[in-house]
>>> print(open('work09.csv').read())   # CSV, N, CA and C atoms
chain,number,residue,atom,x,y,z
A,1,MET,N,47.1,67.4,75.1
A,1,MET,CA,46.7,68.6,75.7
A,1,MET,C,47.9,69.6,75.8
A,2,ALA,N,47.6,70.8,75.4
A,2,ALA,CA,48.7,71.8,75.4
A,2,ALA,C,49.1,72.2,76.9
A,3,GLU,N,50.4,72.6,77.0
A,3,GLU,CA,50.9,73.0,78.3
A,3,GLU,C,50.3,74.4,78.6
A,4,ALA,N,50.2,74.7,79.9
A,4,ALA,CA,49.8,76.1,80.3
A,4,ALA,C,50.9,77.0,80.0
A,5,HIS,N,50.5,78.3,79.6
A,5,HIS,CA,51.6,79.3,79.4
A,5,HIS,C,52.3,79.7,80.6
A,6,GLU,N,53.6,79.7,80.6
A,6,GLU,CA,54.4,80.2,81.7
A,6,GLU,C,54.9,81.6,81.4
A,7,PRO,N,54.4,82.6,82.1
A,7,PRO,CA,54.9,84.0,81.8
A,7,PRO,C,56.4,84.1,81.7
A,8,GLY,N,56.9,84.6,80.6
A,8,GLY,CA,58.3,84.9,80.5
A,8,GLY,C,59.0,83.8,79.6
A,9,ARG,N,58.4,82.6,79.5
A,9,ARG,CA,59.1,81.5,78.8
A,9,ARG,C,59.2,81.8,77.3
A,10,THR,N,58.2,82.4,76.7
A,10,THR,CA,58.2,82.7,75.3
A,10,THR,C,59.4,83.7,75.0
A,11,ALA,N,59.5,84.7,75.8
A,11,ALA,CA,60.5,85.7,75.6
A,11,ALA,C,61.9,85.1,75.8
A,12,TYR,N,62.0,84.3,76.8
A,12,TYR,CA,63.3,83.6,77.1
A,12,TYR,C,63.7,82.7,76.0
A,13,GLU,N,62.8,81.9,75.5
A,13,GLU,CA,63.1,80.9,74.5
A,13,GLU,C,63.4,81.6,73.1
A,14,ALA,N,62.7,82.8,72.9
A,14,ALA,CA,62.9,83.5,71.7
A,14,ALA,C,64.3,84.1,71.7
A,15,ARG,N,64.7,84.6,72.9
A,15,ARG,CA,66.1,85.2,73.0
A,15,ARG,C,67.2,84.2,72.7
A,16,PHE,N,67.0,83.0,73.1
A,16,PHE,CA,68.0,82.0,72.9
A,16,PHE,C,67.7,80.9,71.8
A,17,ALA,N,66.8,81.3,70.9
A,17,ALA,CA,66.4,80.4,69.8
A,17,ALA,C,67.6,80.0,69.0
A,18,GLY,N,67.7,78.7,68.7
A,18,GLY,CA,68.8,78.2,67.9
A,18,GLY,C,70.0,77.9,68.7
A,19,MET,N,70.0,78.3,70.0
A,19,MET,CA,71.2,78.0,70.8
A,19,MET,C,70.9,76.8,71.7
A,20,THR,N,72.0,76.2,72.1
A,20,THR,CA,71.9,75.0,73.0
A,20,THR,C,71.7,75.6,74.4
A,21,LEU,N,70.8,75.1,75.2
A,21,LEU,CA,70.6,75.5,76.6
A,21,LEU,C,70.9,74.4,77.5
A,22,GLY,N,71.3,74.7,78.7
A,22,GLY,CA,71.6,73.6,79.6
A,22,GLY,C,73.1,73.8,80.1
A,23,PRO,N,73.6,72.8,80.8
A,23,PRO,CA,74.9,72.9,81.4
A,23,PRO,C,76.0,73.3,80.4
A,24,ARG,N,76.0,72.9,79.2
A,24,ARG,CA,77.0,73.2,78.2
A,24,ARG,C,76.5,74.2,77.2
A,25,GLY,N,75.4,74.8,77.5
A,25,GLY,CA,74.8,75.8,76.5
A,25,GLY,C,75.1,77.2,76.8
A,26,ALA,N,74.4,78.1,76.0
A,26,ALA,CA,74.6,79.5,76.2
A,26,ALA,C,73.9,80.0,77.4
A,27,ALA,N,72.9,79.3,77.9
A,27,ALA,CA,72.2,79.8,79.1
A,27,ALA,C,71.5,78.5,79.7
A,28,PRO,N,71.0,78.6,80.9
A,28,PRO,CA,70.3,77.5,81.5
A,28,PRO,C,69.0,77.2,80.8
A,29,THR,N,68.5,76.0,80.9
A,29,THR,CA,67.2,75.8,80.4
A,29,THR,C,66.1,76.6,81.2
A,30,TRP,N,65.0,76.7,80.7
A,30,TRP,CA,63.9,77.4,81.4
A,30,TRP,C,63.6,76.7,82.8
A,31,ALA,N,63.6,75.4,82.7
A,31,ALA,CA,63.4,74.6,84.0
A,31,ALA,C,64.4,74.9,85.1
A,32,ASP,N,65.6,75.3,84.7
A,32,ASP,CA,66.7,75.5,85.6
A,32,ASP,C,66.8,77.0,86.1
A,33,LEU,N,65.9,77.8,85.6
A,33,LEU,CA,66.0,79.2,86.0
A,33,LEU,C,65.3,79.4,87.4
A,34,GLY,N,65.8,80.2,88.2
A,34,GLY,CA,65.2,80.5,89.5
A,34,GLY,C,64.0,81.4,89.4
A,35,PRO,N,63.3,81.6,90.5
A,35,PRO,CA,62.1,82.4,90.4
A,35,PRO,C,62.4,83.9,90.1
A,36,GLU,N,63.5,84.4,90.5
A,36,GLU,CA,63.8,85.8,90.2
A,36,GLU,C,64.1,86.0,88.7
A,37,ALA,N,64.8,85.1,88.1
A,37,ALA,CA,65.1,85.2,86.7
A,37,ALA,C,63.8,85.0,85.9
A,38,ARG,N,62.9,84.1,86.3
A,38,ARG,CA,61.6,83.9,85.6
A,38,ARG,C,60.8,85.2,85.7
A,39,GLU,N,60.8,85.8,86.9
A,39,GLU,CA,60.0,87.0,87.1
A,39,GLU,C,60.5,88.1,86.2
A,40,ILE,N,61.8,88.2,86.0
A,40,ILE,CA,62.4,89.2,85.1
A,40,ILE,C,61.9,89.0,83.7
A,41,TRP,N,62.0,87.7,83.2
A,41,TRP,CA,61.6,87.4,81.9
A,41,TRP,C,60.1,87.6,81.7
A,42,ALA,N,59.3,87.4,82.7
A,42,ALA,CA,57.9,87.6,82.6
A,42,ALA,C,57.6,89.1,82.4
A,43,GLY,N,58.4,89.9,83.1
A,43,GLY,CA,58.3,91.4,82.9
A,43,GLY,C,58.7,91.8,81.5
A,44,VAL,N,59.7,91.3,81.0
A,44,VAL,CA,60.1,91.6,79.6
A,44,VAL,C,59.0,91.2,78.7
A,45,GLU,N,58.5,90.0,78.8
A,45,GLU,CA,57.5,89.5,77.9
A,45,GLU,C,56.2,90.4,78.0
A,46,ALA,N,55.8,90.8,79.2
A,46,ALA,CA,54.6,91.6,79.4
A,46,ALA,C,54.8,93.0,78.8
A,47,ALA,N,56.0,93.6,78.9
A,47,ALA,CA,56.3,94.9,78.3
A,47,ALA,C,56.2,94.8,76.8
A,48,VAL,N,56.8,93.8,76.3
A,48,VAL,CA,56.9,93.6,74.8
A,48,VAL,C,55.4,93.4,74.3
A,49,LEU,N,54.7,92.5,74.9
A,49,LEU,CA,53.3,92.3,74.5
A,49,LEU,C,52.4,93.5,74.6
A,50,GLY,N,52.6,94.2,75.7
A,50,GLY,CA,51.8,95.4,75.9
A,50,GLY,C,52.1,96.5,74.8
A,51,ALA,N,53.3,96.7,74.5
A,51,ALA,CA,53.7,97.7,73.5
A,51,ALA,C,53.2,97.2,72.1
A,52,LEU,N,53.4,95.9,71.8
A,52,LEU,CA,52.9,95.4,70.6
A,52,LEU,C,51.4,95.4,70.4
A,53,ARG,N,50.7,95.1,71.4
A,53,ARG,CA,49.2,95.2,71.4
A,53,ARG,C,48.8,96.6,71.1
A,54,GLY,N,49.4,97.6,71.8
A,54,GLY,CA,49.0,99.0,71.6
A,54,GLY,C,49.3,99.5,70.2
A,55,ALA,N,50.4,99.1,69.7
A,55,ALA,CA,50.8,99.5,68.3
A,55,ALA,C,49.9,98.9,67.3
A,56,ALA,N,49.6,97.6,67.5
A,56,ALA,CA,48.6,96.9,66.6
A,56,ALA,C,47.2,97.5,66.7
A,57,ARG,N,46.8,97.8,67.9
A,57,ARG,CA,45.5,98.4,68.0
A,57,ARG,C,45.4,99.7,67.3
A,58,GLN,N,46.5,100.5,67.4
A,58,GLN,CA,46.5,101.8,66.7
A,58,GLN,C,46.5,101.6,65.2
A,59,ALA,N,47.2,100.7,64.7
A,59,ALA,CA,47.2,100.4,63.3
A,59,ALA,C,45.8,99.9,62.8
A,60,VAL,N,45.1,99.1,63.5
A,60,VAL,CA,43.8,98.6,63.1
A,60,VAL,C,42.8,99.8,63.2
A,61,GLU,N,42.8,100.6,64.2
A,61,GLU,CA,41.9,101.7,64.3
A,61,GLU,C,42.2,102.7,63.2
A,62,ALA,N,43.4,102.9,62.8
A,62,ALA,CA,43.7,103.8,61.7
A,62,ALA,C,43.2,103.3,60.4
A,63,HIS,N,43.4,102.0,60.2
A,63,HIS,CA,42.9,101.3,59.0
A,63,HIS,C,41.4,101.4,58.9
A,64,ASP,N,40.7,101.1,60.0
A,64,ASP,CA,39.3,101.2,60.0
A,64,ASP,C,38.8,102.7,59.7
A,65,GLY,N,39.5,103.6,60.2
A,65,GLY,CA,39.2,105.0,59.9
A,65,GLY,C,39.3,105.4,58.5
A,66,LEU,N,40.4,104.9,57.9
A,66,LEU,CA,40.7,105.1,56.5
A,66,LEU,C,39.6,104.4,55.6
A,67,ASP,N,39.2,103.2,56.0
A,67,ASP,CA,38.2,102.5,55.2
A,67,ASP,C,36.9,103.2,55.3
A,68,ALA,N,36.5,103.7,56.5
A,68,ALA,CA,35.2,104.4,56.6
A,68,ALA,C,35.2,105.7,55.8
A,69,ALA,N,36.3,106.4,55.8
A,69,ALA,CA,36.4,107.7,55.1
A,69,ALA,C,36.3,107.4,53.6
A,70,VAL,N,37.0,106.4,53.1
A,70,VAL,CA,36.9,106.1,51.7
A,70,VAL,C,35.5,105.7,51.3
A,71,LYS,N,34.9,104.9,52.1
A,71,LYS,CA,33.5,104.5,51.8
A,71,LYS,C,32.5,105.7,51.8
A,72,ALA,N,32.8,106.6,52.6
A,72,ALA,CA,32.0,107.8,52.7
A,72,ALA,C,32.4,108.9,51.7
A,73,GLU,N,33.4,108.6,50.9
A,73,GLU,CA,34.0,109.5,49.9
A,73,GLU,C,34.3,110.8,50.5
A,74,ALA,N,34.8,110.7,51.7
A,74,ALA,CA,35.3,111.9,52.5
A,74,ALA,C,36.8,112.1,52.3
A,75,VAL,N,37.1,112.8,51.3
A,75,VAL,CA,38.5,112.9,50.8
A,75,VAL,C,39.5,113.5,51.9
A,76,ASP,N,39.1,114.6,52.6
A,76,ASP,CA,39.9,115.1,53.6
A,76,ASP,C,40.1,114.2,54.8
A,77,GLU,N,39.1,113.5,55.2
A,77,GLU,CA,39.1,112.6,56.3
A,77,GLU,C,40.0,111.4,55.8
A,78,ALA,N,39.9,110.9,54.6
A,78,ALA,CA,40.7,109.8,54.1
A,78,ALA,C,42.2,110.2,54.1
A,79,ILE,N,42.5,111.4,53.7
A,79,ILE,CA,43.9,111.8,53.7
A,79,ILE,C,44.4,111.8,55.2
A,80,GLU,N,43.7,112.3,56.1
A,80,GLU,CA,44.1,112.3,57.5
A,80,GLU,C,44.2,110.9,58.0
A,81,ALA,N,43.2,110.1,57.7
A,81,ALA,CA,43.3,108.7,58.2
A,81,ALA,C,44.5,108.0,57.6
A,82,GLU,N,44.8,108.2,56.4
A,82,GLU,CA,46.0,107.6,55.8
A,82,GLU,C,47.3,108.0,56.5
A,83,LYS,N,47.3,109.3,56.9
A,83,LYS,CA,48.5,109.8,57.7
A,83,LYS,C,48.6,109.0,59.0
A,84,HIS,N,47.4,108.9,59.7
A,84,HIS,CA,47.4,108.1,61.0
A,84,HIS,C,47.8,106.7,60.8
A,85,LEU,N,47.4,106.1,59.6
A,85,LEU,CA,47.7,104.7,59.4
A,85,LEU,C,49.2,104.6,59.2
A,86,GLU,N,49.8,105.5,58.4
A,86,GLU,CA,51.3,105.5,58.2
A,86,GLU,C,52.0,105.6,59.5
A,87,ALA,N,51.5,106.5,60.4
A,87,ALA,CA,52.2,106.7,61.7
A,87,ALA,C,52.0,105.5,62.5
A,88,ALA,N,50.9,104.8,62.5
A,88,ALA,CA,50.6,103.6,63.2
A,88,ALA,C,51.5,102.5,62.8
A,89,VAL,N,51.7,102.3,61.5
A,89,VAL,CA,52.6,101.3,61.0
A,89,VAL,C,54.0,101.5,61.4
A,90,GLU,N,54.4,102.8,61.3
A,90,GLU,CA,55.8,103.2,61.7
A,90,GLU,C,56.0,102.9,63.2
A,91,ARG,N,55.0,103.1,64.0
A,91,ARG,CA,55.1,102.8,65.5
A,91,ARG,C,55.2,101.3,65.6
A,92,LEU,N,54.4,100.5,64.9
A,92,LEU,CA,54.5,99.1,65.0
A,92,LEU,C,55.9,98.6,64.6
A,93,ARG,N,56.5,99.1,63.5
A,93,ARG,CA,57.8,98.8,63.1
A,93,ARG,C,58.8,99.1,64.3
A,94,THR,N,58.7,100.3,64.8
A,94,THR,CA,59.6,100.7,65.9
A,94,THR,C,59.5,99.8,67.1
A,95,VAL,N,58.2,99.4,67.5
A,95,VAL,CA,58.0,98.5,68.6
A,95,VAL,C,58.7,97.2,68.4
A,96,LEU,N,58.5,96.6,67.2
A,96,LEU,CA,59.0,95.3,66.9
A,96,LEU,C,60.6,95.4,66.9
A,97,ALA,N,61.2,96.4,66.4
A,97,ALA,CA,62.6,96.5,66.4
A,97,ALA,C,63.1,96.8,67.8
A,98,ALA,N,62.4,97.6,68.6
A,98,ALA,CA,62.9,98.0,70.0
A,98,ALA,C,62.7,96.8,70.9
A,99,ALA,N,61.7,96.0,70.7
A,99,ALA,CA,61.6,94.8,71.5
A,99,ALA,C,62.8,93.8,71.4
A,100,GLY,N,63.2,93.6,70.2
A,100,GLY,CA,64.4,92.7,69.9
A,100,GLY,C,65.6,93.4,70.5
A,101,ASP,N,65.8,94.7,70.3
A,101,ASP,CA,66.9,95.4,70.8
A,101,ASP,C,67.0,95.4,72.3
A,102,ALA,N,65.8,95.6,72.9
A,102,ALA,CA,65.8,95.6,74.4
A,102,ALA,C,66.2,94.3,75.0
A,103,ILE,N,65.7,93.2,74.4
A,103,ILE,CA,66.0,91.9,74.9
A,103,ILE,C,67.5,91.6,74.7
A,104,GLU,N,68.0,92.0,73.6
A,104,GLU,CA,69.5,91.8,73.3
A,104,GLU,C,70.3,92.6,74.3
A,105,ARG,N,70.0,93.9,74.5
A,105,ARG,CA,70.7,94.8,75.5
A,105,ARG,C,70.6,94.2,76.9
A,106,THR,N,69.5,93.8,77.3
A,106,THR,CA,69.3,93.4,78.7
A,106,THR,C,69.9,92.0,78.9
A,107,PHE,N,69.8,91.1,78.0
A,107,PHE,CA,70.2,89.7,78.3
A,107,PHE,C,71.3,89.2,77.3
A,108,GLY,N,71.8,90.0,76.4
A,108,GLY,CA,72.8,89.6,75.4
A,108,GLY,C,74.2,89.6,76.0
A,109,GLY,N,75.1,89.4,75.1
A,109,GLY,CA,76.5,89.4,75.5
A,109,GLY,C,76.9,88.3,76.3
A,110,GLU,N,77.9,88.6,77.2
A,110,GLU,CA,78.5,87.5,78.0
A,110,GLU,C,77.8,87.2,79.3
A,111,GLU,N,76.7,88.1,79.6
A,111,GLU,CA,76.1,87.8,80.9
A,111,GLU,C,75.2,86.6,80.9
A,112,ARG,N,75.1,85.9,82.0
A,112,ARG,CA,74.3,84.7,82.1
A,112,ARG,C,72.8,85.2,82.3
A,113,ALA,N,71.9,84.4,81.8
A,113,ALA,CA,70.5,84.7,81.9
A,113,ALA,C,69.9,84.2,83.2
A,114,ASP,N,70.6,83.6,84.1
A,114,ASP,CA,70.0,83.0,85.3
A,114,ASP,C,70.1,84.0,86.4
A,115,GLY,N,70.4,85.3,86.1
A,115,GLY,CA,70.3,86.4,87.0
A,115,GLY,C,71.1,86.4,88.2
>>> encode(input="work09.csv", output="structure tokens")
Amino acid sequence: MAEAHEPGRTAYEARFAGMTLGPRGAAPTWADLGPEAREIWAGVEAAVLGALRGAARQAVEAHDGLDAAVKAEAVDEAIEAEKHLEAAVERLRTVLAAAGDAIERTFGGEERADG
């Protein structure tokens, strides 16, 4: 049976992927984090997921609009829908890059992750 999701754990483990965690590691293990640190990581994870979901939703809606315009042979609408799709994909790229950058700025460097 799969473990229940712990808010923040995915973001924490993604930040320290490939690194040793624990007493001799780059940061404490998830199990060793206090409630305040876990709450911070849960907030990071929620913000990243919210932005990602919004950008993905925008891309899907733009794609569907383009598809409908093409099927209807509505050239002007298809051109506009393609512009919206390009903008949505660019937003998705930006969100993906910003999420990684934000985690690195917030928790990177020499600071400890246990808050």
>>> closest_atom_pairs(input="work09.csv", of="region 26-90 of chain A", to="region 6-10 of chain A", cutoff="6 Å", atoms="all atoms listed in the file", output="JSON lines")
{"residue": "A:Arg38", "atom": "C", "partner": "A:Gly8", "partner_atom": "CA", "distance": 5.8}
{"residue": "A:Trp41", "atom": "C", "partner": "A:Gly8", "partner_atom": "CA", "distance": 3.5}
{"residue": "A:Ala42", "atom": "CA", "partner": "A:Gly8", "partner_atom": "CA", "distance": 3.4}
{"residue": "A:Gly43", "atom": "N", "partner": "A:Gly8", "partner_atom": "CA", "distance": 5.6}
{"residue": "A:Glu45", "atom": "CA", "partner": "A:Gly8", "partner_atom": "CA", "distance": 5.3}
>>> residues_around(input="work09.csv", residues="Ala88 (chain A)", least_positions_apart="4", cutoff="6.5 Å", atoms="only N, CA and C atoms", output="PyMOL selection string")
chain A and resi 55+58-59+83-84+92-93
>>> atom_distance(input="work09.csv", atom1="CA of Glu104 (chain A)", atom2="CA of Leu85 (chain A)")
28.9 Å
>>> residues_near_point(input="work09.csv", point="(43.1, 109.5, 57.5)", cutoff="12 Å", atoms="only C-alpha atoms", output="list in words")
Ala59, Glu61, Ala62, His63, Asp64, Gly65, Leu66, Asp67, Ala68, Ala69, Val70, Glu73, Ala74, Val75, Asp76, Glu77, Ala78, Ile79, Glu80, Ala81, Glu82, Lys83, His84, Leu85, Glu86, Ala87 and Ala88 of chain A
>>> atom_distance(input="work09.csv", atom1="CA of Ala98 (chain A)", atom2="atom C of Ala26 (chain A)")
22.4 Å
>>> atom_distance(input="work09.csv", atom1="atom C of Arg91 (chain A)", atom2="CA of Ala11 (chain A)")
19.3 Å
>>> residues_around(input="work09.csv", residues="region 30-32 of chain A", least_positions_apart="4", cutoff="9 Å", atoms="only C-alpha atoms", output="VMD selection string")
chain A and resid 9 12 to 13 21 to 22 38 114
>>> closest_residue(input="work09.csv", among="A:Glu39, A:Val95, A:Val44, A:Arg57", to="Ala14 (chain A)", atoms="only C-alpha atoms")
A:Val44
